[in-house]
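Trainee: Sharing input-v2.tsv here; it has TSV, C-alpha atoms.
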chain	number	residue	atom	x	y	z
T	1	MET	CA	35.66	-116.84	9.57
T	2	ALA	CA	36.41	-120.15	8.02
T	3	GLU	CA	33.23	-120.75	6.06
T	4	GLY	CA	32.55	-119.45	2.58
T	5	VAL	CA	36.19	-118.73	1.79
T	6	LYS	CA	36.82	-119.43	-1.86
T	7	PRO	CA	40.14	-118.65	-3.54
T	8	ARG	CA	40.09	-117.75	-7.22
T	9	VAL	CA	43.21	-117.45	-9.34
T	10	LYS	CA	43.66	-116.37	-12.92
T	11	ALA	CA	46.87	-117.73	-14.39
T	12	PRO	CA	47.83	-118.71	-17.93
T	13	SER	CA	47.99	-122.45	-18.63
T	14	LYS	CA	50.90	-121.99	-21.04
T	15	ALA	CA	53.93	-119.72	-21.08
T	16	ALA	CA	57.20	-119.40	-22.97
T	17	ALA	CA	60.24	-120.41	-20.89
T	18	GLY	CA	61.50	-117.37	-18.99
T	19	GLU	CA	58.40	-115.35	-19.73
T	20	ALA	CA	56.89	-113.07	-17.08
T	21	VAL	CA	53.19	-113.77	-16.72
T	22	VAL	CA	50.55	-111.74	-14.91
T	23	LEU	CA	48.73	-113.49	-12.09
T	24	LYS	CA	45.49	-112.27	-10.56
T	25	THR	CA	44.17	-113.65	-7.30
T	26	LEU	CA	40.98	-113.04	-5.39
T	27	ILE	CA	39.75	-114.72	-2.25
T	28	SER	CA	36.35	-114.18	-0.71
T	29	HIS	CA	36.87	-113.17	2.89
T	30	GLN	CA	35.20	-110.45	4.92
T	31	MET	CA	38.50	-109.14	6.37
T	32	GLU	CA	36.97	-107.87	9.62
T	33	SER	CA	39.30	-105.03	10.59
T	34	GLY	CA	38.63	-104.97	14.34
T	35	GLN	CA	37.65	-101.28	14.08
T	36	ARG	CA	33.96	-101.76	13.49
T	37	LYS	CA	31.39	-101.95	16.26
T	38	ASN	CA	28.18	-103.96	16.30
T	39	ALA	CA	24.74	-102.70	17.37
T	40	ASP	CA	25.62	-102.90	21.11
T	41	GLY	CA	28.72	-100.79	20.63
T	42	THR	CA	31.11	-103.63	21.32
T	43	PRO	CA	33.96	-103.93	18.83
T	44	ILE	CA	33.80	-106.84	16.41
T	45	PRO	CA	37.04	-108.80	16.85
T	46	ARG	CA	39.60	-108.69	14.07
T	47	SER	CA	39.50	-111.60	11.63
T	48	ILE	CA	41.61	-111.16	8.53
T	49	ILE	CA	43.93	-113.03	6.24
T	50	ASN	CA	47.34	-111.85	7.39
T	51	ARG	CA	49.68	-113.36	4.81
T	52	PHE	CA	49.59	-114.42	1.18
T	53	THR	CA	52.37	-116.22	-0.65
T	54	CYS	CA	52.91	-117.44	-4.20
T	55	GLU	CA	55.54	-120.02	-5.09
T	56	PHE	CA	56.54	-121.66	-8.34
T	57	ASN	CA	58.05	-125.14	-7.93
T	58	GLY	CA	58.99	-124.21	-4.36
T	59	LYS	CA	60.69	-120.93	-5.30
T	60	SER	CA	59.18	-117.74	-3.94
T	61	VAL	CA	57.44	-115.33	-6.29
T	62	ILE	CA	55.88	-112.96	-3.78
T	63	ASP	CA	55.18	-112.90	-0.07
T	64	ILE	CA	52.68	-110.32	1.12
T	65	LYS	CA	52.12	-109.34	4.72
T	66	MET	CA	48.57	-108.07	5.02
T	67	GLU	CA	47.10	-105.70	7.59
T	68	PRO	CA	43.49	-104.76	8.36
T	69	ALA	CA	43.62	-101.97	5.74
T	70	ILE	CA	43.34	-104.53	2.93
T	71	SER	CA	39.81	-104.51	1.52
T	72	THR	CA	37.16	-107.19	1.82
T	73	ASN	CA	37.78	-110.04	-0.65
T	74	PRO	CA	41.52	-109.36	-0.99
T	75	TYR	CA	42.67	-108.98	-4.58
T	76	PHE	CA	46.27	-109.06	-5.77
T	77	GLU	CA	47.82	-108.72	-9.17
T	78	PHE	CA	51.52	-109.36	-9.75
T	79	GLU	CA	53.96	-110.95	-12.18
T	80	ALA	CA	55.90	-114.19	-12.04
T	81	VAL	CA	58.73	-115.49	-14.22
T	82	ILE	CA	58.09	-119.03	-15.47
T	83	PRO	CA	61.47	-120.71	-16.13
T	84	GLU	CA	60.13	-124.24	-16.68
T	85	ALA	CA	56.92	-126.23	-16.61
T	86	GLY	CA	55.53	-126.64	-13.13
T	87	ASP	CA	52.98	-125.60	-10.55
T	88	LEU	CA	52.13	-122.23	-9.13
T	89	LYS	CA	51.08	-122.61	-5.54
T	90	PHE	CA	49.04	-119.89	-3.85
T	91	THR	CA	48.58	-119.88	-0.09
T	92	TRP	CA	46.53	-117.63	2.18
T	93	TYR	CA	46.98	-117.65	5.98
T	94	ASP	CA	43.96	-116.71	8.10
T	95	ASP	CA	44.11	-115.13	11.59
T	96	ASP	CA	42.22	-118.16	12.94
T	97	GLY	CA	44.95	-120.53	11.74
T	98	SER	CA	43.16	-121.72	8.61
T	99	VAL	CA	45.25	-122.05	5.47
T	100	TYR	CA	43.66	-121.81	2.04
T	101	GLU	CA	45.49	-123.13	-1.00
T	102	ASP	CA	45.17	-123.17	-4.74
T	103	VAL	CA	47.48	-124.69	-7.36
T	104	LYS	CA	47.70	-123.85	-11.06
T	105	SER	CA	49.82	-125.83	-13.50
T	106	VAL	CA	51.71	-123.97	-16.17
T	107	ALA	CA	53.04	-125.75	-19.27
T	108	ILE	CA	55.80	-124.55	-21.55
T	109	GLY	CA	54.76	-123.98	-25.11
V	1	MET	CA	29.06	-62.35	19.89
V	2	ASP	CA	31.17	-61.60	22.97
V	3	PHE	CA	34.06	-63.77	23.89
V	4	THR	CA	34.47	-64.35	27.57
V	5	ARG	CA	37.82	-65.36	28.95
V	6	ARG	CA	36.55	-68.95	29.20
V	7	ASP	CA	35.40	-69.06	25.54
V	8	THR	CA	38.71	-67.73	24.33
V	9	LEU	CA	40.61	-70.34	26.31
V	10	ALA	CA	38.38	-73.12	24.96
V	11	LEU	CA	38.93	-71.90	21.41
V	12	GLY	CA	42.65	-71.86	21.96
V	13	MET	CA	42.63	-75.39	23.34
V	14	GLY	CA	40.59	-76.56	20.35
V	15	ALA	CA	43.07	-75.03	17.94
V	16	VAL	CA	45.95	-76.69	19.77
V	17	ALA	CA	44.20	-80.06	19.67
V	18	LEU	CA	43.60	-79.66	15.92
V	19	THR	CA	47.26	-79.07	15.20
V	20	VAL	CA	48.50	-81.80	17.55
V	21	LEU	CA	46.14	-84.59	16.46
V	22	PRO	CA	47.45	-85.03	12.89
V	23	PHE	CA	50.96	-85.32	14.32
V	24	ARG	CA	49.79	-88.07	16.63
V	25	ALA	CA	48.26	-89.95	13.71
V	26	ASN	CA	51.49	-89.55	11.76
V	27	ALA	CA	53.64	-90.68	14.69
V	28	ALA	CA	52.45	-94.27	14.27
V	29	ALA	CA	53.27	-94.10	10.55
V	30	ASP	CA	56.71	-92.64	11.32
V	31	ASP	CA	57.35	-95.48	13.76
V	32	ALA	CA	56.41	-98.03	11.08
V	33	ILE	CA	58.72	-96.30	8.59
V	34	ALA	CA	61.58	-96.27	11.10
V	35	ALA	CA	61.06	-99.95	11.85
V	36	PHE	CA	61.19	-100.77	8.12
V	37	THR	CA	64.12	-98.55	7.08
V	38	GLY	CA	66.08	-98.51	10.33
V	39	GLY	CA	66.17	-94.72	10.05
V	40	ALA	CA	68.01	-94.74	6.71
V	41	ALA	CA	67.58	-91.85	4.29
V	42	MET	CA	65.06	-92.35	1.48
V	43	ALA	CA	65.44	-91.32	-2.14
V	44	ASP	CA	62.52	-89.60	-3.85
V	45	THR	CA	62.73	-91.64	-7.03
V	46	GLY	CA	62.81	-95.33	-7.77
V	47	VAL	CA	59.37	-96.33	-6.60
V	48	THR	CA	56.05	-95.60	-8.28
V	49	LEU	CA	52.78	-95.50	-6.39
V	50	THR	CA	49.62	-95.33	-8.45
V	51	ALA	CA	46.51	-94.30	-6.55
V	52	PRO	CA	43.37	-92.41	-7.56
V	53	GLU	CA	43.16	-88.69	-6.75
V	54	ILE	CA	39.61	-89.07	-5.56
V	55	ALA	CA	38.14	-92.26	-4.16
V	56	GLU	CA	34.38	-92.25	-3.77
V	57	ASN	CA	34.37	-95.26	-1.50
V	58	GLY	CA	37.13	-95.67	1.06
V	59	ASN	CA	36.35	-99.36	1.40
V	60	THR	CA	38.04	-100.35	-1.85
V	61	VAL	CA	40.66	-98.00	-3.19
V	62	PRO	CA	42.73	-99.57	-5.98
V	63	ILE	CA	46.46	-98.93	-5.66
V	64	ALA	CA	49.51	-100.21	-7.50
V	65	VAL	CA	53.17	-100.09	-6.54
V	66	GLU	CA	56.19	-100.68	-8.71
V	67	ALA	CA	59.91	-100.45	-7.99
V	68	GLU	CA	62.53	-101.90	-10.32
V	69	GLY	CA	65.09	-103.88	-8.35
V	70	ALA	CA	63.20	-103.72	-5.08
V	71	VAL	CA	63.39	-106.48	-2.50
V	72	ALA	CA	60.33	-105.32	-0.63
V	73	ILE	CA	57.75	-102.55	-0.76
V	74	MET	CA	55.82	-101.39	2.27
V	75	VAL	CA	52.57	-99.47	1.85
V	76	LEU	CA	51.26	-97.21	4.60
V	77	ALA	CA	48.11	-95.16	5.02
V	78	ALA	CA	49.15	-92.42	7.45
V	79	GLY	CA	45.60	-91.39	8.32
V	80	ASN	CA	44.18	-94.83	9.16
V	81	PRO	CA	43.67	-95.98	12.78
V	82	THR	CA	46.55	-98.39	12.16
V	83	PRO	CA	48.88	-97.12	9.43
V	84	GLY	CA	50.10	-100.45	8.06
V	85	VAL	CA	48.51	-101.65	4.83
V	86	ALA	CA	50.72	-104.36	3.36
V	87	THR	CA	54.32	-105.34	2.77
V	88	PHE	CA	55.16	-106.96	-0.55
V	89	THR	CA	58.31	-109.08	-0.49
V	90	PHE	CA	59.49	-110.15	-3.94
V	91	GLY	CA	61.04	-113.58	-4.41
V	92	GLU	CA	63.56	-114.81	-6.97
V	93	LEU	CA	60.85	-115.58	-9.54
V	94	ALA	CA	59.08	-112.23	-9.34
V	95	GLY	CA	58.56	-110.69	-12.79
V	96	ALA	CA	58.33	-106.92	-12.88
V	97	HIS	CA	58.57	-105.84	-9.26
V	98	SER	CA	55.04	-104.54	-9.17
V	99	ALA	CA	51.83	-105.43	-7.43
V	100	SER	CA	48.36	-104.02	-7.20
V	101	THR	CA	45.61	-104.50	-4.67
V	102	ARG	CA	42.65	-102.74	-3.08
V	103	ILE	CA	42.88	-101.03	0.27
V	104	ARG	CA	40.70	-99.33	2.88
V	105	LEU	CA	41.16	-95.67	3.70
V	106	ALA	CA	39.48	-94.05	6.70
V	107	GLY	CA	39.46	-90.61	5.11
V	108	THR	CA	41.36	-88.17	2.91
V	109	GLN	CA	45.03	-88.78	3.52
V	110	ASP	CA	48.46	-89.57	2.11
V	111	VAL	CA	49.24	-93.10	1.01
V	112	ILE	CA	52.96	-93.85	1.28
V	113	ALA	CA	55.02	-96.53	-0.45
V	114	ILE	CA	58.57	-97.29	0.65
V	115	ALA	CA	60.75	-99.63	-1.35
V	116	GLN	CA	63.80	-101.43	-0.05
V	117	MET	CA	66.27	-101.88	-2.90
V	118	ALA	CA	68.60	-104.83	-3.40
V	119	ASP	CA	71.60	-102.65	-2.47
V	120	GLY	CA	70.03	-101.76	0.89
V	121	SER	CA	68.90	-98.24	-0.03
V	122	PHE	CA	65.34	-97.02	0.33
V	123	ALA	CA	63.01	-95.02	-1.86
V	124	LYS	CA	59.74	-93.36	-0.98
V	125	ALA	CA	56.69	-92.18	-2.87
V	126	SER	CA	53.46	-90.76	-1.57
V	127	SER	CA	50.16	-89.82	-3.07
V	128	ASN	CA	47.26	-87.87	-1.61
V	129	VAL	CA	43.88	-89.56	-1.96
V	130	LYS	CA	40.65	-87.70	-1.32
V	131	VAL	CA	38.07	-90.03	0.17
V	132	THR	CA	34.36	-89.20	-0.01
V	133	ILE	CA	33.09	-92.01	2.25
V	134	GLY	CA	35.54	-93.46	4.76
V	135	GLY	CA	36.18	-97.17	4.89
V	136	CYS	CA	36.34	-97.93	8.59
V	137	GLY	CA	32.63	-98.28	9.28
V	138	GLY	CA	32.73	-95.97	12.35
Hey, can you dump this file as structure tokens for me?
Mentor:
Amino acid sequence: MAEGVKPRVKAPSKAAAGEAVVLKTLISHQMESGQRKNADGTPIPRSIINRFTCEFNGKSVIDIKMEPAISTNPYFEFEAVIPEAGDLKFTWYDDDGSVYEDVKSVAIG
Amino acid sequence: MDFTRRDTLALGMGAVALTVLPFRANAAADDAIAAFTGGAAMADTGVTLTAPEIAENGNTVPIAVEAEGAVAIMVLAAGNPTPGVATFTFGELAGAHSASTRIRLAGTQDVIAIAQMADGSFAKASSNVKVTIGGCGG
């Protein structure tokens, strides 16, 4: 499923140097588990986002391997340390090869 | 009600199947644990798993994991058709080594979190979640 996927990220625009900030991410995706069957009884093929990463200025914050047991519209909340001004880059990897990205700039102040 | 020899045998087989099936479901989870830990012993403290006692809807069960000094945390749902849920790998800029998300649970079962610490040791926590409506859309 490549249509209708919309990443949403909540990140502060400012942080003190070295501060740990809370990041919340949500991406609309149906996360078809491959377990469900349609009306004919044939299984609906799996179609999920299988990996999510967050980086700050190229340095890894978190790398999550996702399996079909993650709910529809995957939501994650975690913390990142902001050592300097820069960009938080969020990346989602779909089973079908699509990659969804979002970038949030964080200033020091 | 009279039990014929055939009924008794069928009952016995049913009872055997009931006791064996949960073990089969857990075998996949045990394999996943062994693959993650390499068979190493796991401490009972060091990782915190927060999950509701009762989840009305198995489609979205909020969980949170936290382990100070962890490199990675694997979350398993032993009673799901496939036990894997997610593996959180923390990078150098991770703040508190915690994360929360929402997961699917097929039914009442144990959710397990296993943390790999920086020194190579492992810690385990599990929490039983009662699910009213399963989340696998059978």
Trainee: Using all atoms listed in the file, I'd like a table of the residues in chain V that come within 12 Å of chain T; for each, show the closest atom pair and its distance in Å rounded to one decimal, ordered by chain and ascending number, as a tab-separated table.
Mentor:
residue	atom	partner	partner_atom	distance
V:Asn57	CA	T:Ser71	CA	11.1
V:Gly58	CA	T:Ser71	CA	9.2
V:Asn59	CA	T:Ser71	CA	6.2
V:Thr60	CA	T:Ser71	CA	5.6
V:Val61	CA	T:Ser71	CA	8.1
V:Pro62	CA	T:Ser71	CA	9.4
V:Ile63	CA	T:Phe76	CA	10.1
V:Ala64	CA	T:Glu77	CA	8.8
V:Val65	CA	T:Phe78	CA	9.9
V:Glu66	CA	T:Phe78	CA	9.9
V:Ala70	CA	T:Ile62	CA	11.9
V:Val71	CA	T:Ile62	CA	10.0
V:Ala72	CA	T:Asp63	CA	9.2
V:Ile73	CA	T:Ile64	CA	9.5
V:Met74	CA	T:Lys65	CA	9.1
V:Val75	CA	T:Met66	CA	10.0
V:Leu76	CA	T:Ala69	CA	9.1
V:Ala77	CA	T:Ala69	CA	8.2
V:Ala78	CA	T:Ala69	CA	11.2
V:Gly79	CA	T:Ala69	CA	11.1
V:Asn80	CA	T:Ala69	CA	7.9
V:Pro81	CA	T:Gln35	CA	8.1
V:Thr82	CA	T:Ala69	CA	7.9
V:Pro83	CA	T:Ala69	CA	8.1
V:Gly84	CA	T:Glu67	CA	6.1
V:Val85	CA	T:Ala69	CA	5.0
V:Ala86	CA	T:Met66	CA	4.6
V:Thr87	CA	T:Lys65	CA	5.0
V:Phe88	CA	T:Ile64	CA	4.5
V:Thr89	CA	T:Asp63	CA	5.0
V:Phe90	CA	T:Ile62	CA	4.6
V:Gly91	CA	T:Val61	CA	4.4
V:Glu92	CA	T:Ser60	CA	6.1
V:Leu93	CA	T:Val61	CA	4.7
V:Ala94	CA	T:Ala80	CA	4.6
V:Gly95	CA	T:Ala80	CA	4.5
V:Ala96	CA	T:Glu79	CA	6.0
V:His97	CA	T:Glu79	CA	7.5
V:Ser98	CA	T:Phe78	CA	6.0
V:Ala99	CA	T:Phe78	CA	4.6
V:Ser100	CA	T:Glu77	CA	5.1
V:Thr101	CA	T:Phe76	CA	4.7
V:Arg102	CA	T:Ser71	CA	5.7
V:Ile103	CA	T:Ile70	CA	4.4
V:Arg104	CA	T:Ala69	CA	4.9
V:Leu105	CA	T:Ala69	CA	7.1
V:Ala106	CA	T:Ala69	CA	9.0
V:Val111	CA	T:Ala69	CA	11.5
V:Gly134	CA	T:Ala69	CA	11.8
V:Gly135	CA	T:Ser71	CA	8.9
V:Cys136	CA	T:Gln35	CA	6.6
V:Gly137	CA	T:Arg36	CA	5.6
V:Gly138	CA	T:Arg36	CA	6.0
Trainee: Report, in Å with one decimal, the straight-line distance from CA of Asn38 (chain T) to CA of Ile54 (chain V).
Mentor: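 Separation of CA of Asn38 (chain T) and CA of Ile54 (chain V): 28.8 Å.
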Trainee: Excluding region 97-108 of chain T and its own-chain neighbours fewer than 3 positions away, which residues fall within 8 Å of it when counting all atoms listed in the file? Please give them as a ChimeraX atom specification.
Mentor: /T:2,7-9,11-17,84-94
Trainee: With 4 Å on each side, where is the centre of the axis-aligned box around all listed atoms of region 38-41 of chain T, and how long are its edges in Å to one decimal, as JSON?
Mentor:
{"center_x": 26.7, "center_y": -102.4, "center_z": 18.7, "size_x": 12.0, "size_y": 11.2, "size_z": 12.8}
Trainee: Can you tell me how far CA of Pro45 (chain T) sits from CA of Glu32 (chain T), in Å to one decimal?
Mentor: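 Computing it gives 7.3 Å between the two atoms.
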Trainee: Suppose you want the space between CA of Ala41 (chain V) and CA of Ala125 (chain V); what is it in Å?
Mentor: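 CA of Ala125 (chain V) lies 13.0 Å from CA of Ala41 (chain V).
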Trainee: As a list of chain:residue names, please: the residues near region 36-40 of chain V (cut-off 8 Å, all atoms listed in the file, same-chain neighbours under 3 positions excluded).
Mentor: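 Here the qualifying residues turn out to be V:Ala32, V:Ile33, V:Met74, V:Gln116, V:Ser121, V:Phe122.
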Trainee: Using all atoms listed in the file, what residues lie at most 10 Å away from (32.4, -119.0, -3.3) (file coordinates), given as number ranges by chain?
Mentor: T: 3-8, 27-29
Trainee: Let me make sure I understand: among V:Asn26, V:Ser127, V:Thr132, V:Thr8, which one has the smallest atom-to-atom distance to Ala55 (chain V) if we use all atoms listed in the file?
Mentor: V:Thr132
Trainee: So which one's closest to Ile112 (chain V), V:Thr50, V:Thr45, V:Ser126, V:Thr4? Using all atoms listed in the file, please.
Mentor: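 Result for the nearest residue to Ile112 (chain V): V:Ser126.
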Trainee: Any chance you could model N, CA, C and O atoms for region 42-57 of chain V and send them as a PDB file, in the coordinates of the input?
Mentor:
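The resulting file, result-v7.pdb, is reproduced below:
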ATOM      1  N   MET V  42      65.849 -91.793   2.577  1.00  0.00           N
ATOM      2  CA  MET V  42      65.060 -92.350   1.480  1.00  0.00           C
ATOM      3  C   MET V  42      65.168 -91.451   0.258  1.00  0.00           C
ATOM      4  O   MET V  42      65.027 -90.227   0.366  1.00  0.00           O
ATOM      5  N   ALA V  43      65.405 -92.064  -0.885  1.00  0.00           N
ATOM      6  CA  ALA V  43      65.440 -91.320  -2.140  1.00  0.00           C
ATOM      7  C   ALA V  43      64.001 -91.011  -2.569  1.00  0.00           C
ATOM      8  O   ALA V  43      63.070 -91.689  -2.148  1.00  0.00           O
ATOM      9  N   ASP V  44      63.858 -89.976  -3.405  1.00  0.00           N
ATOM     10  CA  ASP V  44      62.520 -89.600  -3.850  1.00  0.00           C
ATOM     11  C   ASP V  44      62.109 -90.315  -5.134  1.00  0.00           C
ATOM     12  O   ASP V  44      60.957 -90.257  -5.542  1.00  0.00           O
ATOM     13  N   THR V  45      63.062 -90.947  -5.794  1.00  0.00           N
ATOM     14  CA  THR V  45      62.730 -91.640  -7.030  1.00  0.00           C
ATOM     15  C   THR V  45      63.068 -93.112  -6.901  1.00  0.00           C
ATOM     16  O   THR V  45      63.824 -93.503  -6.020  1.00  0.00           O
ATOM     17  N   GLY V  46      62.497 -93.902  -7.784  1.00  0.00           N
ATOM     18  CA  GLY V  46      62.810 -95.330  -7.770  1.00  0.00           C
ATOM     19  C   GLY V  46      61.600 -96.180  -7.444  1.00  0.00           C
ATOM     20  O   GLY V  46      61.601 -97.375  -7.691  1.00  0.00           O
ATOM     21  N   VAL V  47      60.583 -95.579  -6.893  1.00  0.00           N
ATOM     22  CA  VAL V  47      59.370 -96.330  -6.600  1.00  0.00           C
ATOM     23  C   VAL V  47      58.172 -95.529  -7.115  1.00  0.00           C
ATOM     24  O   VAL V  47      58.144 -94.307  -7.015  1.00  0.00           O
ATOM     25  N   THR V  48      57.245 -96.237  -7.720  1.00  0.00           N
ATOM     26  CA  THR V  48      56.050 -95.600  -8.280  1.00  0.00           C
ATOM     27  C   THR V  48      54.834 -96.085  -7.524  1.00  0.00           C
ATOM     28  O   THR V  48      54.654 -97.293  -7.343  1.00  0.00           O
ATOM     29  N   LEU V  49      54.032 -95.160  -7.065  1.00  0.00           N
ATOM     30  CA  LEU V  49      52.780 -95.500  -6.390  1.00  0.00           C
ATOM     31  C   LEU V  49      51.648 -94.923  -7.225  1.00  0.00           C
ATOM     32  O   LEU V  49      51.611 -93.733  -7.489  1.00  0.00           O
ATOM     33  N   THR V  50      50.756 -95.781  -7.652  1.00  0.00           N
ATOM     34  CA  THR V  50      49.620 -95.330  -8.450  1.00  0.00           C
ATOM     35  C   THR V  50      48.368 -95.437  -7.589  1.00  0.00           C
ATOM     36  O   THR V  50      48.017 -96.530  -7.137  1.00  0.00           O
ATOM     37  N   ALA V  51      47.737 -94.319  -7.349  1.00  0.00           N
ATOM     38  CA  ALA V  51      46.510 -94.300  -6.550  1.00  0.00           C
ATOM     39  C   ALA V  51      45.592 -93.246  -7.135  1.00  0.00           C
ATOM     40  O   ALA V  51      46.069 -92.292  -7.736  1.00  0.00           O
ATOM     41  N   PRO V  52      44.282 -93.414  -6.996  1.00  0.00           N
ATOM     42  CA  PRO V  52      43.370 -92.410  -7.560  1.00  0.00           C
ATOM     43  C   PRO V  52      43.464 -91.104  -6.771  1.00  0.00           C
ATOM     44  O   PRO V  52      43.791 -91.111  -5.587  1.00  0.00           O
ATOM     45  N   GLU V  53      43.189 -89.975  -7.455  1.00  0.00           N
ATOM     46  CA  GLU V  53      43.160 -88.690  -6.750  1.00  0.00           C
ATOM     47  C   GLU V  53      41.966 -88.610  -5.832  1.00  0.00           C
ATOM     48  O   GLU V  53      42.040 -88.109  -4.725  1.00  0.00           O
ATOM     49  N   ILE V  54      40.844 -89.106  -6.331  1.00  0.00           N
ATOM     50  CA  ILE V  54      39.610 -89.070  -5.560  1.00  0.00           C
ATOM     51  C   ILE V  54      39.034 -90.479  -5.508  1.00  0.00           C
ATOM     52  O   ILE V  54      38.881 -91.129  -6.539  1.00  0.00           O
ATOM     53  N   ALA V  55      38.753 -90.956  -4.318  1.00  0.00           N
ATOM     54  CA  ALA V  55      38.140 -92.260  -4.160  1.00  0.00           C
ATOM     55  C   ALA V  55      36.754 -92.032  -3.565  1.00  0.00           C
ATOM     56  O   ALA V  55      36.630 -91.448  -2.492  1.00  0.00           O
ATOM     57  N   GLU V  56      35.728 -92.460  -4.271  1.00  0.00           N
ATOM     58  CA  GLU V  56      34.380 -92.250  -3.770  1.00  0.00           C
ATOM     59  C   GLU V  56      34.129 -93.100  -2.536  1.00  0.00           C
ATOM     60  O   GLU V  56      33.498 -92.670  -1.595  1.00  0.00           O
ATOM     61  N   ASN V  57      34.628 -94.314  -2.572  1.00  0.00           N
ATOM     62  CA  ASN V  57      34.370 -95.260  -1.500  1.00  0.00           C
ATOM     63  C   ASN V  57      35.689 -95.690  -0.883  1.00  0.00           C
ATOM     64  O   ASN V  57      36.504 -96.315  -1.542  1.00  0.00           O
TER      65      ASN V  57
END
